[in-house]
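Undergrad: To be precise about what I am sending: the file is called final-v9.txt and holds compact mmCIF, C-alpha atoms.
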# COMPACT_ATOMS: atom_id res chain seq x y z
CA MET A 408 4.40 2.84 1.66
CA SER A 409 3.30 4.99 -1.29
CA VAL A 410 0.15 4.21 -3.23
CA GLU A 411 2.29 3.40 -6.28
CA GLU A 412 4.41 0.89 -4.36
CA ALA A 413 1.29 -0.70 -2.88
CA ALA A 414 -0.31 -0.93 -6.34
CA ARG A 415 2.86 -2.58 -7.68
CA LYS A 416 2.67 -5.23 -4.94
CA ILE A 417 -0.93 -6.04 -5.83
CA LEU A 418 -0.21 -6.27 -9.55
CA PHE A 419 2.83 -8.44 -8.77
CA GLY A 420 0.58 -10.75 -6.75
CA LEU A 421 -1.93 -10.99 -9.61
CA LYS A 422 0.79 -11.86 -12.07
CA GLN A 423 2.37 -14.41 -9.73
CA ALA A 424 -1.07 -15.97 -9.38
CA GLY A 425 -1.23 -16.31 -13.16
CA VAL A 426 -3.99 -13.74 -13.64
CA ASN A 427 -3.84 -12.50 -17.22
CA PHE A 428 -7.30 -10.98 -17.71
CA VAL A 429 -8.70 -8.10 -15.63
CA ALA A 430 -12.01 -6.27 -15.90
CA SER A 431 -12.47 -3.16 -13.81
CA LEU A 432 -14.46 -0.11 -12.87
CA PRO A 433 -12.54 2.69 -11.14
CA ASP A 434 -12.74 4.06 -7.64
CA ILE A 435 -10.42 6.93 -6.75
CA ASN A 436 -8.56 4.65 -4.35
CA LEU A 437 -8.05 2.03 -7.07
CA ALA A 438 -6.75 4.49 -9.66
CA PRO A 439 -2.99 3.84 -9.22
CA LEU A 440 -3.56 0.06 -9.44
CA LEU A 441 -5.78 0.36 -12.52
CA ARG A 442 -3.23 2.59 -14.24
CA LEU A 443 -0.62 -0.13 -13.73
CA VAL A 444 -2.99 -2.83 -15.01
CA GLU A 445 -3.76 -0.77 -18.09
CA GLN A 446 -0.04 -0.25 -18.82
CA ASN A 447 0.85 -3.92 -18.39
CA SER A 448 1.09 -5.67 -21.74
CA GLU A 449 0.79 -9.19 -20.28
CA VAL A 450 -2.67 -8.53 -18.88
CA THR A 451 -5.77 -7.99 -21.02
CA HIS A 452 -7.65 -5.11 -19.39
CA VAL A 453 -11.33 -4.48 -20.01
CA PRO A 454 -12.61 -1.18 -18.59
CA LEU A 455 -16.31 -1.61 -17.80
CA CYS A 456 -19.42 0.56 -17.78
CA ARG A 457 -21.07 -1.49 -15.01
CA GLU A 458 -19.69 -4.24 -12.83
CA GLU A 459 -22.30 -6.89 -13.71
CA GLU A 460 -21.09 -7.06 -17.31
CA GLY A 461 -17.62 -7.72 -15.90
CA ILE A 462 -18.84 -10.97 -14.37
CA GLY A 463 -20.02 -12.12 -17.82
CA ILE A 464 -16.81 -10.98 -19.51
CA CYS A 465 -14.63 -12.78 -16.94
CA ALA A 466 -16.78 -15.92 -17.19
CA GLY A 467 -16.41 -15.94 -20.98
CA ALA A 468 -12.66 -15.41 -20.78
CA TYR A 469 -12.32 -18.19 -18.17
CA LEU A 470 -14.16 -20.64 -20.44
CA VAL A 471 -11.52 -20.16 -23.12
CA GLY A 472 -8.55 -20.42 -20.78
CA LYS A 473 -7.89 -17.07 -19.12
CA LYS A 474 -7.32 -16.48 -15.41
CA CYS A 475 -9.53 -13.60 -14.46
CA ALA A 476 -9.93 -10.92 -11.83
CA LEU A 477 -12.59 -8.25 -11.46
CA ILE A 478 -11.49 -5.06 -9.68
CA MET A 479 -14.30 -2.84 -8.38
CA GLN A 480 -15.77 -1.01 -5.41
CA ASN A 481 -18.07 -2.76 -2.94
CA GLY A 482 -21.01 -0.80 -4.41
CA GLY A 483 -20.12 -2.46 -7.70
CA PHE A 484 -20.01 -5.84 -6.04
CA PHE A 485 -23.65 -5.23 -5.02
CA ASN A 486 -24.40 -4.28 -8.63
CA SER A 487 -23.10 -7.59 -9.86
CA ASN A 488 -24.83 -9.96 -7.46
CA ASN A 489 -27.34 -11.52 -9.87
CA ALA A 490 -24.57 -12.40 -12.30
CA ILE A 491 -22.37 -13.74 -9.50
CA VAL A 492 -25.18 -16.07 -8.42
CA SER A 493 -26.59 -17.22 -11.75
CA THR A 494 -23.32 -17.33 -13.68
CA LEU A 495 -20.28 -17.76 -11.40
CA LEU A 496 -21.89 -19.84 -8.66
CA GLN A 497 -24.36 -21.71 -10.87
CA TYR A 498 -21.69 -22.78 -13.38
CA GLU A 499 -18.87 -23.12 -10.80
CA ILE A 500 -16.55 -20.56 -12.35
CA PRO A 501 -13.54 -19.25 -10.42
CA VAL A 502 -12.92 -15.50 -10.64
CA LEU A 503 -10.99 -13.33 -8.19
CA LEU A 504 -13.08 -10.42 -6.94
CA LEU A 505 -10.85 -7.56 -5.77
CA ILE A 506 -13.27 -5.33 -3.92
CA TYR A 507 -12.35 -1.88 -2.65
CA TYR A 508 -13.76 -1.70 0.87
CA ALA A 509 -15.50 1.68 0.99
CA GLY A 510 -16.90 2.36 4.43
CA ASP A 511 -14.18 0.41 6.23
CA ILE A 512 -13.38 1.24 9.85
CA GLY A 513 -11.89 4.75 9.95
CA ASP A 514 -13.61 5.97 6.76
CA ARG A 515 -15.87 9.02 6.92
CA THR A 516 -18.09 7.94 4.02
CA PHE A 517 -20.10 4.92 2.82
CA SER A 518 -20.50 3.32 6.22
CA THR A 519 -23.80 1.73 5.10
CA THR A 520 -22.16 0.15 2.04
CA GLY A 521 -19.23 -0.94 4.20
CA GLY A 522 -21.53 -2.48 6.77
CA MET A 523 -23.36 -4.61 4.20
CA THR A 524 -20.28 -5.87 2.36
CA GLU A 525 -19.20 -8.79 4.52
CA PRO A 526 -22.76 -9.93 5.34
CA VAL A 527 -23.59 -10.12 1.61
CA LEU A 528 -20.38 -12.05 0.87
CA ARG A 529 -21.26 -14.45 3.68
CA ALA A 530 -24.82 -14.82 2.42
CA LEU A 531 -23.48 -15.80 -1.00
CA ARG A 532 -21.05 -18.26 0.67
CA ILE A 533 -18.17 -16.48 -1.02
CA ARG A 534 -14.95 -16.90 0.94
CA TYR A 535 -13.19 -13.58 1.49
CA TYR A 536 -10.09 -12.11 3.08
CA LEU A 537 -9.58 -8.63 4.45
CA MET A 538 -6.29 -7.24 3.22
CA ARG A 539 -4.38 -4.61 5.21
CA GLU A 540 -0.63 -5.17 4.78
CA PRO A 541 0.75 -4.35 1.31
CA ASP A 542 3.73 -6.62 1.96
CA GLN A 543 1.44 -9.61 2.41
CA ALA A 544 -0.63 -8.83 -0.68
CA PRO A 545 1.28 -10.94 -3.23
CA GLU A 546 1.08 -14.10 -1.16
CA ILE A 547 -2.58 -13.66 -0.23
CA ILE A 548 -3.55 -13.05 -3.85
CA GLN A 549 -1.75 -16.21 -4.97
CA ARG A 550 -3.41 -18.24 -2.23
CA ALA A 551 -6.82 -16.79 -3.12
CA GLN A 552 -6.40 -17.79 -6.76
CA ILE A 553 -5.51 -21.34 -5.72
CA LEU A 554 -8.62 -21.44 -3.52
CA ALA A 555 -10.79 -20.09 -6.36
CA GLU A 556 -9.51 -22.74 -8.76
CA ASP A 557 -9.73 -25.55 -6.24
CA SER A 558 -13.22 -24.64 -5.04
CA LYS A 559 -14.39 -23.60 -8.53
CA ARG A 560 -15.98 -20.51 -7.06
CA PRO A 561 -15.26 -16.80 -6.87
CA VAL A 562 -13.04 -15.69 -3.98
CA ALA A 563 -13.15 -12.10 -2.74
CA LEU A 564 -10.26 -9.98 -1.49
CA LEU A 565 -11.29 -6.85 0.36
CA LEU A 566 -8.90 -4.05 -0.53
CA THR A 567 -8.76 -1.61 2.37
CA LYS A 568 -7.16 1.83 2.13
CA ASP A 569 -4.24 0.36 4.12
CA VAL A 570 -3.34 -2.30 1.58
CA LEU A 571 -3.66 0.28 -1.20
CA GLY A 572 -1.18 2.54 0.60
CA HIS A 573 -3.69 5.33 1.22
CA ARG A 574 -3.85 5.30 5.01
CA PRO A 575 -1.00 6.79 6.99
CA ALA A 576 0.56 4.27 9.36
CA VAL A 577 0.72 6.94 12.07
CA GLY A 578 -1.19 10.17 12.46
CA ARG A 579 -4.64 11.66 12.22
CA PHE A 580 -7.43 10.20 10.16
CA MET B 1398 -39.46 -13.27 -40.20
CA LYS B 1399 -39.04 -16.46 -38.19
CA ARG B 1400 -36.10 -16.83 -35.84
CA PHE B 1401 -35.86 -20.54 -36.63
CA GLU B 1402 -35.31 -19.79 -40.33
CA CYS B 1403 -32.54 -17.34 -39.48
CA LEU B 1404 -30.92 -19.88 -37.16
CA LYS B 1405 -31.08 -22.50 -39.91
CA ALA B 1406 -29.24 -20.13 -42.23
CA LEU B 1407 -26.66 -19.48 -39.50
CA ALA B 1408 -26.20 -23.18 -38.74
CA ALA B 1409 -25.40 -23.82 -42.40
CA GLN B 1410 -22.47 -21.40 -42.17
CA ALA B 1411 -21.28 -21.34 -38.56
CA ARG B 1412 -18.63 -24.07 -38.90
CA ASP B 1413 -16.54 -24.22 -35.72
CA ALA B 1414 -17.60 -20.84 -34.31
CA LEU B 1415 -18.20 -20.78 -30.57
CA VAL B 1416 -21.81 -19.80 -29.95
CA VAL B 1417 -23.11 -18.14 -26.79
CA SER B 1418 -26.85 -17.87 -26.46
CA SER B 1419 -29.17 -15.96 -24.21
CA ALA B 1420 -31.67 -17.29 -21.71
CA GLY B 1421 -34.81 -18.29 -23.65
CA ALA B 1422 -36.01 -20.40 -26.56
CA THR B 1423 -33.25 -19.31 -28.98
CA THR B 1424 -30.83 -21.56 -27.11
CA LEU B 1425 -33.04 -24.62 -27.54
CA GLU B 1426 -33.68 -23.96 -31.22
CA TRP B 1427 -29.96 -23.43 -31.84
CA GLN B 1428 -28.99 -26.57 -29.96
CA ALA B 1429 -31.47 -28.56 -32.07
CA LEU B 1430 -30.07 -27.11 -35.30
CA ARG B 1431 -26.37 -27.28 -34.41
CA PRO B 1432 -25.83 -29.69 -31.55
CA SER B 1433 -22.26 -29.02 -30.41
CA ASP B 1434 -20.13 -28.79 -27.31
CA GLY B 1435 -19.11 -25.40 -28.71
CA ASN B 1436 -22.51 -24.03 -27.64
CA PHE B 1437 -22.76 -22.22 -24.33
CA ARG B 1438 -26.07 -21.26 -22.75
CA VAL B 1439 -26.10 -18.16 -20.54
CA ARG B 1440 -28.56 -18.19 -17.64
CA THR B 1441 -28.24 -14.59 -16.42
CA LEU B 1442 -30.60 -12.41 -18.46
CA GLY B 1443 -28.53 -9.73 -20.14
CA LEU B 1444 -25.13 -11.37 -19.87
CA CYS B 1445 -25.00 -13.11 -23.27
CA SER B 1446 -23.17 -10.29 -25.07
CA SER B 1447 -20.69 -9.91 -22.19
CA VAL B 1448 -19.85 -13.63 -21.98
CA ALA B 1449 -19.31 -13.61 -25.75
CA LEU B 1450 -17.06 -10.54 -25.44
CA GLY B 1451 -14.90 -12.31 -22.84
CA MET B 1452 -14.54 -15.34 -25.11
CA ALA B 1453 -13.74 -13.21 -28.15
CA LEU B 1454 -11.01 -11.35 -26.26
CA GLY B 1455 -9.64 -14.55 -24.76
CA LEU B 1456 -9.43 -16.37 -28.13
CA PRO B 1457 -8.86 -13.64 -30.72
CA ARG B 1458 -8.37 -16.05 -33.62
CA ARG B 1459 -11.65 -17.92 -33.16
CA LYS B 1460 -15.05 -16.65 -34.34
CA VAL B 1461 -17.47 -16.11 -31.47
CA ILE B 1462 -21.17 -15.59 -32.12
CA ALA B 1463 -23.59 -14.17 -29.54
CA LEU B 1464 -27.27 -15.05 -30.02
CA ASP B 1465 -28.90 -12.25 -28.06
CA GLY B 1466 -32.48 -11.07 -27.69
CA ASP B 1467 -34.07 -7.65 -27.29
CA GLY B 1468 -35.07 -8.17 -23.66
CA SER B 1469 -31.62 -9.46 -22.82
CA LEU B 1470 -29.71 -6.68 -24.59
CA LEU B 1471 -31.99 -4.00 -23.10
CA MET B 1472 -31.03 -5.26 -19.66
CA ASN B 1473 -27.30 -4.90 -20.42
CA LEU B 1474 -27.15 -1.98 -22.85
CA CYS B 1475 -23.83 -0.94 -21.35
CA SER B 1476 -22.25 -4.00 -22.94
CA LEU B 1477 -22.46 -2.16 -26.28
CA PRO B 1478 -20.06 0.68 -25.46
CA THR B 1479 -17.73 -1.85 -23.80
CA ILE B 1480 -17.79 -4.07 -26.91
CA ALA B 1481 -17.25 -0.99 -29.10
CA ARG B 1482 -14.31 0.06 -26.93
CA MET B 1483 -12.62 -3.36 -27.05
CA LYS B 1484 -13.58 -3.87 -30.71
CA PRO B 1485 -12.92 -7.63 -31.03
CA ALA B 1486 -12.74 -8.35 -34.79
CA ASN B 1487 -13.84 -11.97 -34.20
CA LEU B 1488 -17.17 -11.20 -32.51
CA ILE B 1489 -20.52 -11.39 -34.30
CA HIS B 1490 -23.37 -10.13 -32.13
CA ILE B 1491 -26.77 -11.24 -33.42
CA VAL B 1492 -29.87 -9.72 -31.83
CA PHE B 1493 -33.25 -11.36 -32.46
CA ASP B 1494 -35.76 -8.64 -31.70
CA ASN B 1495 -39.29 -10.00 -31.23
CA GLN B 1496 -40.32 -6.95 -29.20
CA ALA B 1497 -41.39 -9.18 -26.32
CA TYR B 1498 -40.24 -10.91 -23.17
CA GLU B 1499 -41.11 -14.16 -24.88
CA ALA B 1500 -39.61 -16.48 -22.28
CA SER B 1501 -41.35 -14.58 -19.49
CA GLY B 1502 -44.83 -14.65 -21.01
CA CYS B 1503 -44.62 -12.15 -23.85
CA GLY B 1504 -44.91 -8.72 -22.20
CA GLU B 1505 -43.75 -6.06 -24.63
CA THR B 1506 -40.17 -4.78 -24.45
CA ALA B 1507 -39.20 -1.17 -25.14
CA THR B 1508 -38.40 -2.03 -28.77
CA ALA B 1509 -42.17 -2.49 -29.29
CA SER B 1510 -42.56 1.25 -28.81
CA GLY B 1511 -39.72 2.30 -31.06
CA THR B 1512 -36.36 1.70 -29.36
CA ASP B 1513 -33.88 0.89 -32.12
CA LEU B 1514 -31.19 -1.51 -30.88
CA VAL B 1515 -29.09 -1.23 -34.05
CA GLY B 1516 -29.27 2.55 -33.73
CA ILE B 1517 -28.07 2.27 -30.13
CA ALA B 1518 -25.21 -0.01 -31.21
CA LEU B 1519 -24.12 2.48 -33.87
CA ALA B 1520 -24.32 5.34 -31.41
CA ALA B 1521 -22.30 3.28 -28.91
CA GLY B 1522 -19.49 3.15 -31.44
CA ILE B 1523 -19.98 -0.24 -33.15
CA ARG B 1524 -19.29 0.83 -36.71
CA LYS B 1525 -20.79 -2.17 -38.43
CA ALA B 1526 -24.30 -2.62 -37.09
CA LEU B 1527 -27.21 -3.32 -39.40
CA TRP B 1528 -30.77 -4.60 -39.58
CA ALA B 1529 -31.39 -7.68 -41.70
CA ASN B 1530 -34.93 -7.42 -43.02
CA SER B 1531 -35.32 -10.83 -44.63
CA VAL B 1532 -33.87 -14.30 -44.18
CA GLU B 1533 -31.88 -13.68 -47.38
CA SER B 1534 -30.35 -10.45 -46.12
CA PHE B 1535 -29.69 -12.11 -42.74
CA THR B 1536 -27.91 -14.99 -44.48
CA GLN B 1537 -25.83 -12.54 -46.47
CA ALA B 1538 -24.94 -10.41 -43.47
CA VAL B 1539 -23.86 -13.50 -41.52
CA SER B 1540 -21.79 -14.81 -44.40
CA GLN B 1541 -20.03 -11.47 -44.76
CA ALA B 1542 -19.38 -11.22 -41.02
CA LEU B 1543 -17.93 -14.74 -40.94
CA GLU B 1544 -15.58 -13.97 -43.80
CA GLN B 1545 -14.43 -10.56 -42.66
CA LYS B 1546 -12.44 -9.60 -39.62
CA GLU B 1547 -14.62 -6.87 -38.26
CA LEU B 1548 -16.83 -6.57 -35.21
CA THR B 1549 -20.42 -6.86 -36.49
CA LEU B 1550 -23.85 -6.54 -34.91
CA ILE B 1551 -26.80 -7.90 -36.89
CA GLY B 1552 -30.35 -7.11 -35.78
CA ALA B 1553 -33.26 -9.22 -37.03
CA LYS B 1554 -36.91 -8.45 -36.33
CA VAL B 1555 -38.63 -11.78 -35.76
CA ASP B 1556 -42.08 -12.86 -34.61
CA THR B 1557 -42.69 -14.64 -31.31
CA THR B 1558 -43.28 -18.04 -32.90
CA ARG B 1559 -41.41 -20.86 -31.18
CA THR B 1560 -40.43 -24.02 -32.98
CA LYS B 1561 -41.03 -27.26 -31.10
CA VAL B 1562 -37.63 -28.60 -30.17
CA PRO B 1563 -36.31 -30.84 -27.37
CA PRO B 1564 -35.33 -29.36 -23.99
CA TYR B 1565 -31.69 -28.43 -23.35
CA PRO B 1566 -29.86 -31.71 -22.87
CA MET B 1567 -27.63 -30.79 -19.90
CA ASP B 1568 -27.30 -28.68 -16.79
CA GLU B 1569 -25.05 -25.64 -16.37
CA VAL B 1570 -22.01 -27.38 -14.91
CA GLU B 1571 -22.00 -30.05 -17.61
CA ASN B 1572 -22.34 -27.30 -20.23
CA LYS B 1573 -19.27 -25.63 -18.72
CA TYR B 1574 -17.12 -28.76 -18.72
CA ARG B 1575 -18.15 -29.83 -22.21
CA PHE B 1576 -17.53 -26.35 -23.57
CA ILE B 1577 -14.08 -26.09 -21.95
CA ARG B 1578 -13.10 -29.58 -23.16
CA HIS B 1579 -14.27 -28.61 -26.66
CA VAL B 1580 -12.10 -25.48 -26.60
CA GLU B 1581 -9.14 -27.49 -25.28
CA LYS B 1582 -9.51 -30.06 -28.05
CA THR B 1583 -10.11 -27.67 -30.94
CA GLU B 1584 -7.50 -25.11 -29.85
CA GLN B 1585 -5.03 -27.71 -28.55
CA ILE B 1586 -4.60 -25.94 -25.24
CA GLN B 1587 -4.93 -27.05 -21.65
CA ILE B 1588 -7.40 -25.12 -19.52
CA LEU B 1589 -8.39 -27.43 -16.68
CA LYS B 1590 -5.72 -28.76 -14.38
CA THR B 1591 -6.26 -31.27 -11.63
CA SER B 1592 -3.97 -30.84 -8.67
CA LEU B 1593 -2.59 -33.89 -6.92
CA PRO B 1594 -1.85 -34.22 -3.22
CA ALA B 1595 1.74 -33.29 -2.31
CA SER B 1596 2.70 -36.93 -1.81
CA TYR B 1597 2.17 -37.62 -5.52
CA SER B 1598 4.56 -35.00 -6.77
Write out the structure in this file as structure tokens.
TA:
Amino acid sequence: MSVEEAARKILFGLKQAGVNFVASLPDINLAPLLRLVEQNSEVTHVPLCREEEGIGICAGAYLVGKKCALIMQNGGFFNSNNAIVSTLLQYEIPVLLLIYYAGDIGDRTFSTTGGMTEPVLRALRIRYYLMREPDQAPEIIQRAQILAEDSKRPVALLLTKDVLGHRPAVGRF
Amino acid sequence: MKRFECLKALAAQARDALVVSSAGATTLEWQALRPSDGNFRVRTLGLCSSVALGMALGLPRRKVIALDGDGSLLMNLCSLPTIARMKPANLIHIVFDNQAYEASGCGETATASGTDLVGIALAAGIRKALWANSVESFTQAVSQALEQKELTLIGAKVDTTRTKVPPYPMDEVENKYRFIRHVEKTEQIQILKTSLPASYS
């Protein structure tokens, strides 16, 4: 599957889930998805300077009725931890966190960041799902949004290179 | 200048504006002057301007006022270019600059040695950013910002005096629910939905 097709599946999932407000900071692997988000007129897109402000922006938008997702790299998830704790968790605000999983198995960079990602999510008691199959993305995103709303907490989706269409199904890494 | 006097002038004009305030005494003084479910207290230092931006973008026809402080804005300076980029015409960003981490025991902030927050806002691309040097000029700037449809940042140098007011009357989760219910009522929209078990539907 091409990266464009994979990005379309993820955006489709977000829209099916009712998400209409997205804040983001780019990673090269997220670029096709963020281009689609930017072009989509039904979604308000806020490009960020730093991920932590995105938590505040999404919280504010949620309080006035938007369904929000924050798309970022796992390094950016680390950047936003104080805001996640003292705004999202403290006030019980649901936001989808779509986190690009740098340093995933098979990557040649960021293994330290990758290794800390799931332990930090667990420490924050944030429920998360590792996404690999682009075809399953729409359903998982919709389920994650339901869980976020029902639990009134952020839910994280780990976007691997596979689900973003970057990793060849067969062949050399 | 005293922050409380500025807040009084704001309360006289704010009408149904949604007001987001930063961690610290400003929140308590504001709540005492304009008790309303349309007030939202931010607990993450720095995030006040960002929460207000999210609200302003989510409800473009409603005035949103951020009551920020120098310590808070210094921690999240990158909110200024983001606000400038999104340019919400309904957002009024007020920065009370007392040159101190007042809530944390009054250590000096960088503005005490010359950092100009209005200058930074202008350089970030917020076209209408100004210092109000007296309660009168603050009142006028606020009145103009409330009338016009233009993103505005108003800086006000204030002293560290606190006015004795009651503590905040609720916790964070209650603040959230009250605020959302207030938005639902005043905007006539539904935000919160309760799901029923399958057997009910």
Undergrad: Listing only residues of range 1443-1509 of chain B within 10 Å of range 1405-1412 of chain B, what is the closest atom pair and its distance in Å (to one decimal) for each, using all atoms listed in the file, sorted by chain and residue number ascending, as a tab-separated table?
TA:
residue	atom	partner	partner_atom	distance
B:Lys1460	CA	B:Ala1411	CA	8.9
B:Val1461	CA	B:Ala1411	CA	9.6
B:Ile1462	CA	B:Ala1411	CA	8.6
Undergrad: Show me which bits of chain B are within 10 Å of chain A, counting only C-alpha atoms, as a ChimeraX atom specification.
TA: /B:1417,1437,1439-1456,1473-1480,1482-1483,1568-1574,1576-1581,1584,1586-1592
Undergrad: Could you turn the residues from that selection into a file that holds C-alpha atoms, as a PDB file, in the coordinates of the input?
TA:
ATOM      1  CA  VAL B1417     -23.110 -18.140 -26.790  1.00  0.00           C
ATOM      2  CA  PHE B1437     -22.760 -22.220 -24.330  1.00  0.00           C
ATOM      3  CA  VAL B1439     -26.100 -18.160 -20.540  1.00  0.00           C
ATOM      4  CA  ARG B1440     -28.560 -18.190 -17.640  1.00  0.00           C
ATOM      5  CA  THR B1441     -28.240 -14.590 -16.420  1.00  0.00           C
ATOM      6  CA  LEU B1442     -30.600 -12.410 -18.460  1.00  0.00           C
ATOM      7  CA  GLY B1443     -28.530  -9.730 -20.140  1.00  0.00           C
ATOM      8  CA  LEU B1444     -25.130 -11.370 -19.870  1.00  0.00           C
ATOM      9  CA  CYS B1445     -25.000 -13.110 -23.270  1.00  0.00           C
ATOM     10  CA  SER B1446     -23.170 -10.290 -25.070  1.00  0.00           C
ATOM     11  CA  SER B1447     -20.690  -9.910 -22.190  1.00  0.00           C
ATOM     12  CA  VAL B1448     -19.850 -13.630 -21.980  1.00  0.00           C
ATOM     13  CA  ALA B1449     -19.310 -13.610 -25.750  1.00  0.00           C
ATOM     14  CA  LEU B1450     -17.060 -10.540 -25.440  1.00  0.00           C
ATOM     15  CA  GLY B1451     -14.900 -12.310 -22.840  1.00  0.00           C
ATOM     16  CA  MET B1452     -14.540 -15.340 -25.110  1.00  0.00           C
ATOM     17  CA  ALA B1453     -13.740 -13.210 -28.150  1.00  0.00           C
ATOM     18  CA  LEU B1454     -11.010 -11.350 -26.260  1.00  0.00           C
ATOM     19  CA  GLY B1455      -9.640 -14.550 -24.760  1.00  0.00           C
ATOM     20  CA  LEU B1456      -9.430 -16.370 -28.130  1.00  0.00           C
ATOM     21  CA  ASN B1473     -27.300  -4.900 -20.420  1.00  0.00           C
ATOM     22  CA  LEU B1474     -27.150  -1.980 -22.850  1.00  0.00           C
ATOM     23  CA  CYS B1475     -23.830  -0.940 -21.350  1.00  0.00           C
ATOM     24  CA  SER B1476     -22.250  -4.000 -22.940  1.00  0.00           C
ATOM     25  CA  LEU B1477     -22.460  -2.160 -26.280  1.00  0.00           C
ATOM     26  CA  PRO B1478     -20.060   0.680 -25.460  1.00  0.00           C
ATOM     27  CA  THR B1479     -17.730  -1.850 -23.800  1.00  0.00           C
ATOM     28  CA  ILE B1480     -17.790  -4.070 -26.910  1.00  0.00           C
ATOM     29  CA  ARG B1482     -14.310   0.060 -26.930  1.00  0.00           C
ATOM     30  CA  MET B1483     -12.620  -3.360 -27.050  1.00  0.00           C
ATOM     31  CA  ASP B1568     -27.300 -28.680 -16.790  1.00  0.00           C
ATOM     32  CA  GLU B1569     -25.050 -25.640 -16.370  1.00  0.00           C
ATOM     33  CA  VAL B1570     -22.010 -27.380 -14.910  1.00  0.00           C
ATOM     34  CA  GLU B1571     -22.000 -30.050 -17.610  1.00  0.00           C
ATOM     35  CA  ASN B1572     -22.340 -27.300 -20.230  1.00  0.00           C
ATOM     36  CA  LYS B1573     -19.270 -25.630 -18.720  1.00  0.00           C
ATOM     37  CA  TYR B1574     -17.120 -28.760 -18.720  1.00  0.00           C
ATOM     38  CA  PHE B1576     -17.530 -26.350 -23.570  1.00  0.00           C
ATOM     39  CA  ILE B1577     -14.080 -26.090 -21.950  1.00  0.00           C
ATOM     40  CA  ARG B1578     -13.100 -29.580 -23.160  1.00  0.00           C
ATOM     41  CA  HIS B1579     -14.270 -28.610 -26.660  1.00  0.00           C
ATOM     42  CA  VAL B1580     -12.100 -25.480 -26.600  1.00  0.00           C
ATOM     43  CA  GLU B1581      -9.140 -27.490 -25.280  1.00  0.00           C
ATOM     44  CA  GLU B1584      -7.500 -25.110 -29.850  1.00  0.00           C
ATOM     45  CA  ILE B1586      -4.600 -25.940 -25.240  1.00  0.00           C
ATOM     46  CA  GLN B1587      -4.930 -27.050 -21.650  1.00  0.00           C
ATOM     47  CA  ILE B1588      -7.400 -25.120 -19.520  1.00  0.00           C
ATOM     48  CA  LEU B1589      -8.390 -27.430 -16.680  1.00  0.00           C
ATOM     49  CA  LYS B1590      -5.720 -28.760 -14.380  1.00  0.00           C
ATOM     50  CA  THR B1591      -6.260 -31.270 -11.630  1.00  0.00           C
ATOM     51  CA  SER B1592      -3.970 -30.840  -8.670  1.00  0.00           C
TER      52      SER B1592
END
Undergrad: Would you work out the distance separating CA of Thr1423 in chain B from CA of Ala1463 in chain B, expressed in Å to one decimal?
TA: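 Taking CA of Thr1423 in chain B as the start and CA of Ala1463 in chain B as the end point, the length is 11.0 Å.
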Undergrad: With a distance cut-off of 12 Å and all atoms listed in the file, select the neighbouring residues of Pro1564 in chain B, excluding the residue or stretch itself and same-chain residues fewer than 3 positions from it, and output the selection as a list of chain:residue names.
TA: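 Contacts, with the query itself left out: B:Gly1421, B:Ala1422, B:Thr1423, B:Thr1424, B:Leu1425, B:Glu1426, B:Trp1427, B:Gln1428, B:Ala1429, B:Thr1560, B:Lys1561, B:Met1567, B:Asp1568.
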Undergrad: What does the distance from CA of Ala1526 in chain B to CA of Leu1488 in chain B come to in Å, to one decimal?
TA: 12.1 Å
Undergrad: Using only C-alpha atoms - which residues lie no farther than 8 Å from the point (-32.0, -6.1, -38.4) in the file's frame? Write them as a CSV table (one decimal) with C-alpha atoms, in the coordinates of the input.
TA:
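So part-v7.csv came out as:
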chain,number,residue,atom,x,y,z
B,1492,VAL,CA,-29.9,-9.7,-31.8
B,1515,VAL,CA,-29.1,-1.2,-34.0
B,1527,LEU,CA,-27.2,-3.3,-39.4
B,1528,TRP,CA,-30.8,-4.6,-39.6
B,1529,ALA,CA,-31.4,-7.7,-41.7
B,1530,ASN,CA,-34.9,-7.4,-43.0
B,1535,PHE,CA,-29.7,-12.1,-42.7
B,1551,ILE,CA,-26.8,-7.9,-36.9
B,1552,GLY,CA,-30.4,-7.1,-35.8
B,1553,ALA,CA,-33.3,-9.2,-37.0
B,1554,LYS,CA,-36.9,-8.4,-36.3
Undergrad: Could you name the residues that touch Ile1523 in chain B at 8 Å or less, counting all atoms listed in the file, but leaving out those on the same chain fewer than 2 positions away, as a PyMOL selection string?
TA: chain B and resi 1477-1478+1480-1481+1484+1518-1521+1525-1526+1548-1550
Undergrad: Could you work out how far CA of Asn447 in chain A lies from CA of Ser558 in chain A, giving the answer in Å with one decimal?
TA: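 Distance between the two atoms: 28.4 Å.
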Undergrad: Show which residues sit within 9 Å of Ile548 in chain A, as a PyMOL selection string. Count only C-alpha atoms, and ignore same-chain residues fewer than 2 positions away.
TA: chain A and resi 417+420-421+423-424+503+543-546+550-553+564
